[in-house]
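Shown below: run-v2.txt, with compact mmCIF, C-alpha atoms.
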```txt
# COMPACT_ATOMS: atom_id res chain seq x y z
CA MET P 258 30.01 4.12 31.76
CA SER P 259 30.64 0.41 31.21
CA ASN P 260 29.51 -1.33 28.06
CA SER P 261 26.84 -3.23 30.01
CA SER P 262 25.27 0.02 31.26
CA GLU P 263 25.14 1.83 27.94
CA LYS P 264 21.70 2.84 26.75
CA LYS P 265 19.99 0.97 23.94
CA LEU P 266 19.18 3.25 21.02
CA PHE P 267 15.86 2.42 19.35
CA THR P 268 16.33 5.23 16.85
CA PRO P 269 17.01 5.73 13.14
CA GLY P 270 20.56 6.77 14.03
CA PRO P 271 23.02 7.14 15.64
CA LEU P 272 22.78 3.49 16.55
CA ASN P 273 24.33 1.03 18.95
CA VAL P 274 27.45 -0.60 17.57
CA SER P 275 29.44 -3.57 18.83
CA LEU P 276 32.25 -3.17 21.32
CA THR P 277 34.71 -4.62 18.80
CA THR P 278 33.70 -1.98 16.27
CA LYS P 279 34.41 0.75 18.80
CA GLU P 280 37.68 -0.88 19.80
CA ALA P 281 38.83 -0.75 16.17
CA MET P 282 39.14 3.03 16.61
CA LEU P 283 41.87 2.69 19.21
CA ILE P 284 44.55 3.05 16.56
CA ASP P 285 46.01 6.28 15.24
CA LEU P 286 46.89 6.21 11.55
CA GLY P 287 48.02 9.00 9.28
CA SER P 288 45.87 9.93 6.31
CA ARG P 289 48.62 8.75 3.93
CA ASP P 290 49.65 5.67 5.89
CA ASP P 291 49.69 2.59 3.65
CA GLN P 292 47.58 0.65 6.14
CA PHE P 293 44.92 3.35 6.06
CA LEU P 294 45.00 3.62 2.27
CA ASP P 295 44.56 -0.13 2.04
CA THR P 296 41.57 0.17 4.36
CA ILE P 297 39.96 2.81 2.15
CA SER P 298 40.40 0.61 -0.92
CA ALA P 299 39.01 -2.44 0.89
CA VAL P 300 35.97 -0.56 2.17
CA ARG P 301 35.17 0.84 -1.27
CA SER P 302 35.41 -2.60 -2.82
CA GLU P 303 33.29 -4.18 -0.09
CA LEU P 304 30.51 -1.64 -0.57
CA LEU P 305 30.23 -2.52 -4.25
CA ASP P 306 30.13 -6.19 -3.32
CA ILE P 307 27.27 -5.60 -0.89
CA ALA P 308 25.42 -3.69 -3.60
CA GLY P 309 25.94 -6.58 -6.01
CA VAL P 310 27.36 -4.37 -8.75
CA SER P 311 30.45 -4.64 -10.93
CA PRO P 312 33.53 -2.55 -10.04
CA GLY P 313 33.99 -2.09 -13.76
CA ASP P 314 30.71 -0.18 -13.97
CA TRP P 315 30.35 1.29 -10.50
CA THR P 316 32.46 3.17 -7.98
CA ALA P 317 32.05 3.85 -4.25
CA VAL P 318 32.90 7.39 -3.20
CA LEU P 319 33.43 8.05 0.50
CA LEU P 320 32.58 11.48 1.87
CA GLN P 321 33.18 13.06 5.27
CA GLY P 322 30.04 14.01 7.18
CA SER P 323 26.56 12.67 7.81
CA GLY P 324 24.33 11.00 5.27
CA THR P 325 22.80 14.36 4.39
CA TYR P 326 26.18 15.43 2.99
CA ALA P 327 26.10 12.53 0.53
CA VAL P 328 22.51 13.30 -0.50
CA GLU P 329 23.37 16.90 -1.25
CA ALA P 330 26.60 15.83 -2.95
CA VAL P 331 24.66 13.70 -5.44
CA ILE P 332 22.15 16.46 -6.13
CA GLN P 333 24.92 19.02 -6.59
CA THR P 334 27.14 16.75 -8.66
CA SER P 335 24.47 15.30 -10.91
CA THR P 336 22.72 18.57 -11.78
CA PRO P 337 24.25 20.74 -14.52
CA LYS P 338 24.74 24.40 -13.66
CA SER P 339 22.86 25.30 -16.83
CA GLY P 340 19.66 23.55 -17.89
CA GLY P 341 19.50 21.23 -14.91
CA ARG P 342 16.18 20.39 -13.28
CA VAL P 343 15.54 17.90 -10.49
CA LEU P 344 12.34 15.97 -9.80
CA ILE P 345 11.94 15.11 -6.11
CA LEU P 346 9.46 12.48 -4.94
CA ALA P 347 8.66 13.45 -1.36
CA ASN P 348 6.43 11.66 1.13
CA GLY P 349 8.32 12.48 4.30
CA ALA P 350 10.91 14.64 6.01
CA TYR P 351 13.89 13.37 4.01
CA GLY P 352 12.29 13.99 0.63
CA LYS P 353 11.44 17.47 1.85
CA ARG P 354 15.06 17.94 2.89
CA MET P 355 16.08 17.39 -0.74
CA GLU P 356 13.74 20.23 -1.64
CA THR P 357 15.51 22.48 0.85
CA MET P 358 18.89 21.53 -0.64
CA CYS P 359 17.75 22.54 -4.11
CA SER P 360 16.18 25.76 -2.85
CA VAL P 361 19.28 26.82 -0.90
CA THR P 362 21.67 26.13 -3.78
CA GLY P 363 19.45 27.62 -6.49
CA ILE P 364 18.88 24.34 -8.33
CA GLU P 365 15.68 24.27 -10.37
CA TYR P 366 13.32 21.54 -9.23
CA ASP P 367 9.79 20.17 -9.21
CA ILE P 368 8.38 18.14 -6.35
CA LEU P 369 5.76 15.42 -6.37
CA ARG P 370 4.26 15.21 -2.89
CA SER P 371 2.44 12.16 -1.66
CA SER P 372 0.89 10.69 1.47
CA GLU P 373 3.36 10.19 4.29
CA ILE P 374 2.07 6.69 5.03
CA THR P 375 2.00 5.05 1.58
CA PRO P 376 4.44 4.54 -1.28
CA PHE P 377 4.07 6.68 -4.39
CA ASN P 378 1.15 6.18 -6.74
CA ARG P 379 2.51 4.72 -9.95
CA ASP P 380 0.10 6.62 -12.21
CA GLU P 381 0.91 9.95 -10.58
CA VAL P 382 4.64 9.37 -10.99
CA GLU P 383 4.23 8.32 -14.60
CA SER P 384 2.08 11.35 -15.35
CA LYS P 385 4.72 13.66 -13.89
CA LEU P 386 7.47 12.00 -15.92
CA LYS P 387 5.37 12.33 -19.10
CA SER P 388 4.47 15.98 -18.48
CA GLY P 389 6.91 17.26 -21.09
CA VAL P 390 9.41 18.67 -18.59
CA ARG P 391 12.93 17.32 -19.06
CA TYR P 392 14.56 16.28 -15.80
CA THR P 393 18.27 15.73 -15.30
CA THR P 394 17.92 13.86 -11.96
CA VAL P 395 14.98 12.09 -10.32
CA CYS P 396 15.22 11.50 -6.55
CA ILE P 397 13.43 9.15 -4.18
CA VAL P 398 13.97 7.98 -0.59
CA HIS P 399 13.91 4.18 -0.33
CA CYS P 400 12.98 3.83 3.35
CA GLU P 401 11.41 7.05 4.63
CA THR P 402 12.22 6.80 8.32
CA SER P 403 10.08 9.79 9.29
CA SER P 404 7.11 7.41 8.91
CA GLY P 405 8.64 3.96 8.40
CA VAL P 406 7.13 3.52 4.95
CA LEU P 407 9.10 1.56 2.34
CA ASN P 408 8.89 3.32 -1.00
CA ASN P 409 8.60 1.67 -4.42
CA ALA P 410 12.01 2.87 -5.60
CA GLU P 411 12.56 0.05 -8.10
CA GLU P 412 9.18 0.64 -9.77
CA VAL P 413 9.88 4.36 -10.03
CA ALA P 414 13.32 3.67 -11.50
CA VAL P 415 11.76 1.61 -14.30
CA LEU P 416 9.38 4.48 -15.10
CA VAL P 417 12.26 6.95 -15.18
CA ARG P 418 14.18 4.80 -17.64
CA GLU P 419 11.08 4.56 -19.84
CA HIS P 420 9.95 8.18 -19.82
CA GLN P 421 13.09 10.16 -18.91
CA PRO P 422 15.92 8.01 -20.30
CA SER P 423 18.47 10.84 -20.13
CA ALA P 424 17.79 11.54 -16.44
CA PHE P 425 19.93 10.16 -13.63
CA MET P 426 18.02 8.01 -11.13
CA PHE P 427 19.02 8.72 -7.54
CA VAL P 428 17.94 6.57 -4.58
CA ASP P 429 18.53 7.71 -1.02
CA ALA P 430 19.02 4.31 0.64
CA MET P 431 20.26 5.81 3.90
CA SER P 432 18.32 3.51 6.20
CA SER P 433 17.96 0.50 3.92
CA PHE P 434 21.33 -0.26 2.32
CA GLY P 435 22.69 -3.49 3.72
CA ALA P 436 19.36 -4.73 5.07
CA ILE P 437 16.71 -4.22 2.37
CA PRO P 438 17.45 -5.51 -1.14
CA LEU P 439 17.59 -2.95 -3.95
CA ASP P 440 17.88 -3.73 -7.65
CA PHE P 441 20.51 -1.37 -9.11
CA SER P 442 19.64 -2.15 -12.73
CA ASN P 443 17.83 1.14 -13.38
CA VAL P 444 19.58 3.24 -10.76
CA ASP P 445 22.59 5.56 -11.21
CA PHE P 446 23.33 6.94 -7.73
CA VAL P 447 22.69 5.40 -4.30
CA VAL P 448 23.74 6.87 -0.97
CA SER P 449 23.92 5.60 2.59
CA SER P 450 25.83 6.23 5.80
CA ALA P 451 28.32 4.31 7.91
CA ASN P 452 26.08 4.34 11.00
CA LYS P 453 22.92 2.77 9.64
CA CYS P 454 22.33 -0.84 8.63
CA LEU P 455 26.06 -1.56 8.28
CA GLN P 456 26.50 -0.57 11.93
CA GLY P 457 29.65 1.53 11.81
CA VAL P 458 30.09 4.74 13.82
CA PRO P 459 28.94 8.17 12.58
CA GLY P 460 31.42 10.26 10.65
CA PHE P 461 31.18 9.54 6.95
CA ALA P 462 28.73 8.63 4.22
CA PHE P 463 29.15 7.11 0.79
CA ALA P 464 27.74 7.39 -2.70
CA LEU P 465 27.64 4.43 -5.04
CA CYS P 466 27.85 5.88 -8.54
CA ARG P 467 27.48 4.41 -11.98
CA LYS P 468 30.79 5.37 -13.59
CA SER P 469 29.35 6.28 -16.97
CA CYS P 470 27.01 8.73 -15.23
CA LEU P 471 29.54 10.21 -12.83
CA ASP P 472 31.86 10.85 -15.78
CA LYS P 473 29.21 13.16 -17.24
CA CYS P 474 29.05 15.22 -14.05
CA LYS P 475 32.49 16.81 -13.99
CA GLY P 476 32.27 20.53 -13.26
CA ASN P 477 28.63 20.44 -12.16
CA SER P 478 29.04 20.82 -8.41
CA ARG P 479 28.51 24.25 -6.94
CA SER P 480 30.46 23.12 -3.86
CA LEU P 481 34.12 22.14 -3.64
CA SER P 482 33.66 19.82 -0.65
CA LEU P 483 30.60 18.03 -2.08
CA ASP P 484 31.98 17.42 -5.56
CA LEU P 485 31.69 13.65 -5.98
CA ALA P 486 33.34 13.66 -9.39
CA ASP P 487 36.46 15.34 -8.03
CA GLN P 488 36.42 13.20 -4.88
CA GLU P 489 36.25 10.01 -6.94
CA LYS P 490 38.99 11.20 -9.31
CA ASN P 491 41.33 11.85 -6.39
CA MET P 492 40.47 8.59 -4.61
CA THR P 493 41.11 6.58 -7.75
CA ALA P 494 44.41 8.32 -8.47
CA THR P 495 45.82 8.47 -4.94
CA ARG P 496 43.53 6.26 -2.78
CA GLN P 497 43.23 9.32 -0.53
CA PHE P 498 40.52 11.74 0.52
CA ARG P 499 40.99 15.25 -0.84
CA PHE P 500 40.66 16.69 2.68
CA THR P 501 41.27 15.35 6.21
CA PRO P 502 39.65 11.90 6.39
CA PRO P 503 37.70 10.43 9.35
CA THR P 504 40.42 7.84 9.97
CA HIS P 505 39.01 6.29 13.13
CA CYS P 506 35.51 6.05 11.68
CA ILE P 507 36.78 4.19 8.63
CA LEU P 508 38.79 1.77 10.74
CA ALA P 509 35.63 1.09 12.76
CA PHE P 510 33.67 0.62 9.55
CA GLN P 511 36.13 -1.98 8.29
CA GLN P 512 35.48 -3.97 11.47
CA ALA P 513 31.73 -3.44 11.11
CA LEU P 514 31.89 -4.86 7.59
CA LYS P 515 33.69 -7.96 8.90
CA GLU P 516 30.87 -8.45 11.38
CA PHE P 517 28.32 -7.86 8.63
CA ARG P 518 29.82 -10.73 6.64
CA MET P 519 29.99 -12.94 9.74
CA GLU P 520 26.27 -12.38 10.31
CA GLY P 521 25.48 -13.59 6.81
CA GLY P 522 25.59 -10.35 4.84
CA LEU P 523 22.39 -8.64 3.79
CA GLU P 524 20.26 -11.74 4.29
CA GLY P 525 21.51 -12.33 7.83
CA ARG P 526 21.10 -8.72 8.84
CA ARG P 527 17.66 -8.52 7.24
CA ASN P 528 16.54 -11.61 9.14
CA ARG P 529 17.62 -10.17 12.50
CA TYR P 530 16.01 -6.81 11.81
CA MET P 531 12.79 -8.50 10.65
CA LYS P 532 12.68 -10.61 13.80
CA ASN P 533 13.33 -7.54 15.96
CA CYS P 534 10.54 -5.69 14.19
CA SER P 535 8.10 -8.58 14.48
CA VAL P 536 8.66 -8.93 18.23
CA LEU P 537 8.38 -5.15 18.67
CA LYS P 538 5.09 -4.81 16.78
CA ALA P 539 3.52 -7.83 18.46
CA GLY P 540 4.51 -6.56 21.89
CA MET P 541 3.34 -3.01 21.29
CA GLU P 542 0.06 -4.25 19.85
CA LYS P 543 -0.46 -6.34 22.99
CA LEU P 544 0.00 -3.15 25.02
CA GLY P 545 -2.65 -1.49 22.85
CA PHE P 546 -0.48 0.68 20.60
CA LYS P 547 -1.42 1.05 16.93
CA SER P 548 1.02 1.48 14.03
CA LEU P 549 0.81 4.50 11.77
CA VAL P 550 1.76 2.69 8.55
CA ASP P 551 -0.21 -0.26 7.20
CA GLU P 552 1.78 -3.49 7.37
CA LYS P 553 1.82 -3.91 3.58
CA HIS P 554 3.65 -0.57 3.20
CA ALA P 555 5.87 -0.75 6.29
CA SER P 556 9.59 -1.33 6.42
CA TYR P 557 11.22 -3.45 9.12
CA ILE P 558 13.62 -0.63 10.00
CA ILE P 559 11.53 1.67 12.19
CA THR P 560 7.89 1.82 13.29
CA ASN P 561 5.69 4.80 14.04
CA PHE P 562 3.14 4.37 16.83
CA PHE P 563 0.19 6.66 17.55
CA TYR P 564 0.09 8.40 20.91
CA PRO P 565 -2.38 6.90 23.37
CA SER P 566 -5.45 9.10 23.82
CA HIS P 567 -5.30 8.94 27.62
CA PRO P 568 -4.94 12.43 29.19
CA ASN P 569 -1.99 11.28 31.31
CA PHE P 570 0.14 10.56 28.24
CA ASP P 571 2.85 13.12 27.65
CA PHE P 572 5.57 12.14 25.20
CA LYS P 573 8.37 14.07 26.90
CA GLU P 574 7.65 12.31 30.18
CA PHE P 575 7.25 8.96 28.43
CA TYR P 576 10.57 9.46 26.64
CA SER P 577 12.38 10.60 29.80
CA ARG P 578 11.14 7.69 31.88
CA LEU P 579 12.15 5.17 29.21
CA SER P 580 15.56 6.81 28.94
CA GLN P 581 15.99 6.39 32.68
CA GLN P 582 15.36 2.69 32.11
CA GLY P 583 18.19 2.69 29.56
CA ASP P 584 15.96 2.67 26.48
CA VAL P 585 16.02 5.59 24.03
CA ILE P 586 13.17 5.94 21.54
CA TYR P 587 12.53 8.77 19.07
CA PRO P 588 9.90 11.50 18.61
CA GLY P 589 7.61 11.43 15.60
CA LYS P 590 8.35 13.36 12.43
CA VAL P 591 5.09 12.94 10.54
CA THR P 592 3.29 16.25 10.09
CA ASP P 593 -0.32 15.13 10.46
CA ALA P 594 -0.19 12.50 13.22
CA ALA P 595 0.72 12.57 16.91
CA SER P 596 3.15 9.67 17.03
CA PHE P 597 6.54 8.45 18.17
CA ARG P 598 9.07 6.14 16.55
CA ILE P 599 10.87 3.00 17.67
CA GLY P 600 13.71 1.70 15.54
CA ASN P 601 15.04 -1.85 15.64
CA ILE P 602 18.31 -1.63 13.72
CA GLY P 603 21.89 -1.33 14.89
CA ASP P 604 23.45 -3.77 17.33
CA LEU P 605 20.09 -4.80 18.83
CA LYS P 606 18.91 -8.33 19.54
CA VAL P 607 15.47 -9.74 20.30
CA GLN P 608 16.24 -9.66 24.03
CA ASP P 609 16.80 -5.90 23.76
CA ILE P 610 13.37 -5.50 22.17
CA GLU P 611 11.81 -7.65 24.88
CA LYS P 612 13.48 -5.57 27.58
CA LEU P 613 12.16 -2.38 25.93
CA LEU P 614 8.62 -3.77 25.98
CA VAL P 615 8.96 -4.46 29.71
CA SER P 616 10.14 -0.88 30.17
CA VAL P 617 7.21 0.52 28.18
CA GLN P 618 4.76 -1.45 30.33
CA LYS P 619 6.47 -0.25 33.50
CA VAL P 620 6.46 3.39 32.40
CA LEU P 621 2.79 3.27 31.43
CA GLY P 622 2.07 2.00 34.94
CA GLU P 623 4.12 4.83 36.46
CA MET P 624 2.13 7.33 34.37
CA LYS P 625 -1.14 5.67 35.48
CA ILE P 626 -2.18 4.85 31.92
CA PRO P 627 -4.33 1.70 31.77
CA ILE P 628 -3.16 -1.22 29.60
CA PRO P 629 -4.11 -1.89 26.88
CA VAL P 630 -3.83 1.76 25.91
CA LYS P 631 -6.60 3.34 23.87
```
Serialized structure, structure tokens:
Amino acid sequence: MSNSSEKKLFTPGPLNVSLTTKEAMLIDLGSRDDQFLDTISAVRSELLDIAGVSPGDWTAVLLQGSGTYAVEAVIQTSTPKSGGRVLILANGAYGKRMETMCSVTGIEYDILRSSEITPFNRDEVESKLKSGVRYTTVCIVHCETSSGVLNNAEEVAVLVREHQPSAFMFVDAMSSFGAIPLDFSNVDFVVSSANKCLQGVPGFAFALCRKSCLDKCKGNSRSLSLDLADQEKNMTATRQFRFTPPTHCILAFQQALKEFRMEGGLEGRRNRYMKNCSVLKAGMEKLGFKSLVDEKHASYIITNFFYPSHPNFDFKEFYSRLSQQGDVIYPGKVTDAASFRIGNIGDLKVQDIEKLLVSVQKVLGEMKIPIPVK
């Protein structure tokens, strides 16, 4: 399949990446090759620069696997084997996944559940933090892509510092890092993945860790592979991964970071994503679709749209017909609403969004669903 005929991925990931990013993988390097070790060091440094934090106080730890691996690595590494207790703020599928991680590994936890379509209520969070239970880690998802809601992570971090000063504050910034600003002042651990807003290829994730906090976590991890403290120790001493590294993925990521800087860094990427999102929402609204999340709570990463009520609408058919047009959307993941998701991140331009809207209109016609939809 030629590059011009590749499908456009309007999903939360994997995402479209540039041809030059893919071409960067056409080199074979050994895991101990000096060129590759230099690349690892450069990538780690660049991630801290994007975060706007000092390399004297923070470290970037790369980890093989998907973003979920990094999330579980932070939970495992930050939670003591004795006396540890995690507080999870969950208003979507990815907060709930943290609950599953704790349950599977036997980590004690409490969970504060909230509406899937709004950020967390400040008073409810504060009440939980003041309940008298001592937490060792507090977790929140920044952009909950199951709904598209943007959570109030910075506000929660301030409350954690005030009421649980000994707890680590962990932000899952999987689908926001590099495109949505985040103040790291009251945060200790942040994770993301190569194939999200930084537009690398899938294959590894990373954890940005406050050094003074990571130093306290040695020996905590119940898993050898997910031990961030040991991974960081080895990377600092040898510049190497402990186990076989995703060499080609990291080479691609180095190229993706160059393109990130060329676009204007976080501000440039944010502006493109915001424009994509604006065009998408305006076009879908014109076709009659309604968004699940109120605009004041919505991110510009992904949008959830309610199913039309017309009896001819069937999501599987809608999805399949769009895919045949070269446009891949995503099913919904919200538990109490019949909806589907359209992302606008990755190597997508406004013209791609406009082409998708034409495809949606065409498919609705093929399905004999009147426009505007109801």
Dump as a PDB file with C-alpha atoms, in the frame of the given file all residues having an atom at most 8 Å from (8.4, 16.0, -1.9), computed in the file's coordinates with only C-alpha atoms.
```pdb
ATOM      1  CA  ILE P 345      11.940  15.110  -6.110  1.00  0.00           C
ATOM      2  CA  LEU P 346       9.460  12.480  -4.940  1.00  0.00           C
ATOM      3  CA  ALA P 347       8.660  13.450  -1.360  1.00  0.00           C
ATOM      4  CA  ASN P 348       6.430  11.660   1.130  1.00  0.00           C
ATOM      5  CA  GLY P 349       8.320  12.480   4.300  1.00  0.00           C
ATOM      6  CA  GLY P 352      12.290  13.990   0.630  1.00  0.00           C
ATOM      7  CA  LYS P 353      11.440  17.470   1.850  1.00  0.00           C
ATOM      8  CA  MET P 355      16.080  17.390  -0.740  1.00  0.00           C
ATOM      9  CA  GLU P 356      13.740  20.230  -1.640  1.00  0.00           C
ATOM     10  CA  ILE P 368       8.380  18.140  -6.350  1.00  0.00           C
ATOM     11  CA  LEU P 369       5.760  15.420  -6.370  1.00  0.00           C
ATOM     12  CA  ARG P 370       4.260  15.210  -2.890  1.00  0.00           C
ATOM     13  CA  SER P 371       2.440  12.160  -1.660  1.00  0.00           C
TER      14      SER P 371
END
```
Counting only C-alpha atoms, what is within 9 Å of Arg391 (chain P), bar same-chain residues fewer than 3 positions away, as a short mmCIF file (atom, residue, chain, number, x, y, z; two decimals) with C-alpha atoms, in the frame of the given file?
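So the final result, stored in around-v9.cif, reads:
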```cif
data_model
loop_
_atom_site.label_atom_id
_atom_site.label_comp_id
_atom_site.auth_asym_id
_atom_site.auth_seq_id
_atom_site.Cartn_x
_atom_site.Cartn_y
_atom_site.Cartn_z
CA GLY P 341 19.50 21.23 -14.91
CA ARG P 342 16.18 20.39 -13.28
CA VAL P 343 15.54 17.90 -10.49
CA LEU P 386 7.47 12.00 -15.92
CA SER P 388 4.47 15.98 -18.48
CA GLN P 421 13.09 10.16 -18.91
CA SER P 423 18.47 10.84 -20.13
CA ALA P 424 17.79 11.54 -16.44
#
```
Surrounding residues of region 519-523 of chain P excluding itself and chain neighbours under 6 positions, 10 Å, only C-alpha atoms, as a VMD selection string:
chain P and resid 307 to 308 434 to 438 454 to 455 513 529
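Residue nearest Gln511 (chain P) within the list P:Ala299, P:Ala350, P:Leu272, P:Cys359: P:Ala299 [criterion: smallest interatomic distance, only C-alpha atoms].
Checking P:Ile558, P:Leu465, P:Ile626, P:Val585 one by one against Thr316 (chain P), counting only C-alpha atoms, you find the shortest gap at P:Leu465.
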Which distance in Å separates CA of Pro337 (chain P) and CA of Arg467 (chain P), to one decimal?
16.8 Å
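Distance annotation: of P:Asn378, P:Gln582, P:Asn533, P:Gln497, the residue with the minimal separation from Leu320 (chain P) is P:Gln497; atom set is only C-alpha atoms.
Interatomic distance, CA of Lys538 (chain P) to CA of Pro568 (chain P): 23.5 Å.
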Return as JSON the centre and edge lengths, in Å with one decimal, of the box along x, y and z that encloses every atom of region 423-430 of chain P in the file, padded by 3 Å per side.
```
{"center_x": 18.9, "center_y": 7.9, "center_z": -9.7, "size_x": 8.1, "size_y": 13.2, "size_z": 26.8}
```
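Of the listed residues (P:Thr278, P:Gly309, P:Cys534, P:Thr394), P:Cys534 comes nearest to Glu552 (chain P); the distances count all atoms listed in the file.
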Distance of CA of Val458 (chain P) from CA of Gly603 (chain P), expressed in Å to one decimal place
10.3 Å
Please identify all polymer residues within 12 Å of Lys631 (chain P), counting all atoms listed in the file, omitting same-chain residues fewer than 4 positions from it, and present them as a list in words.
Glu542, Lys543, Leu544, Gly545, Phe546, Lys547, Phe563, Tyr564, Pro565, Ser566, His567, Pro568, Asn569, Phe570, Ile626 and Pro627 of chain P
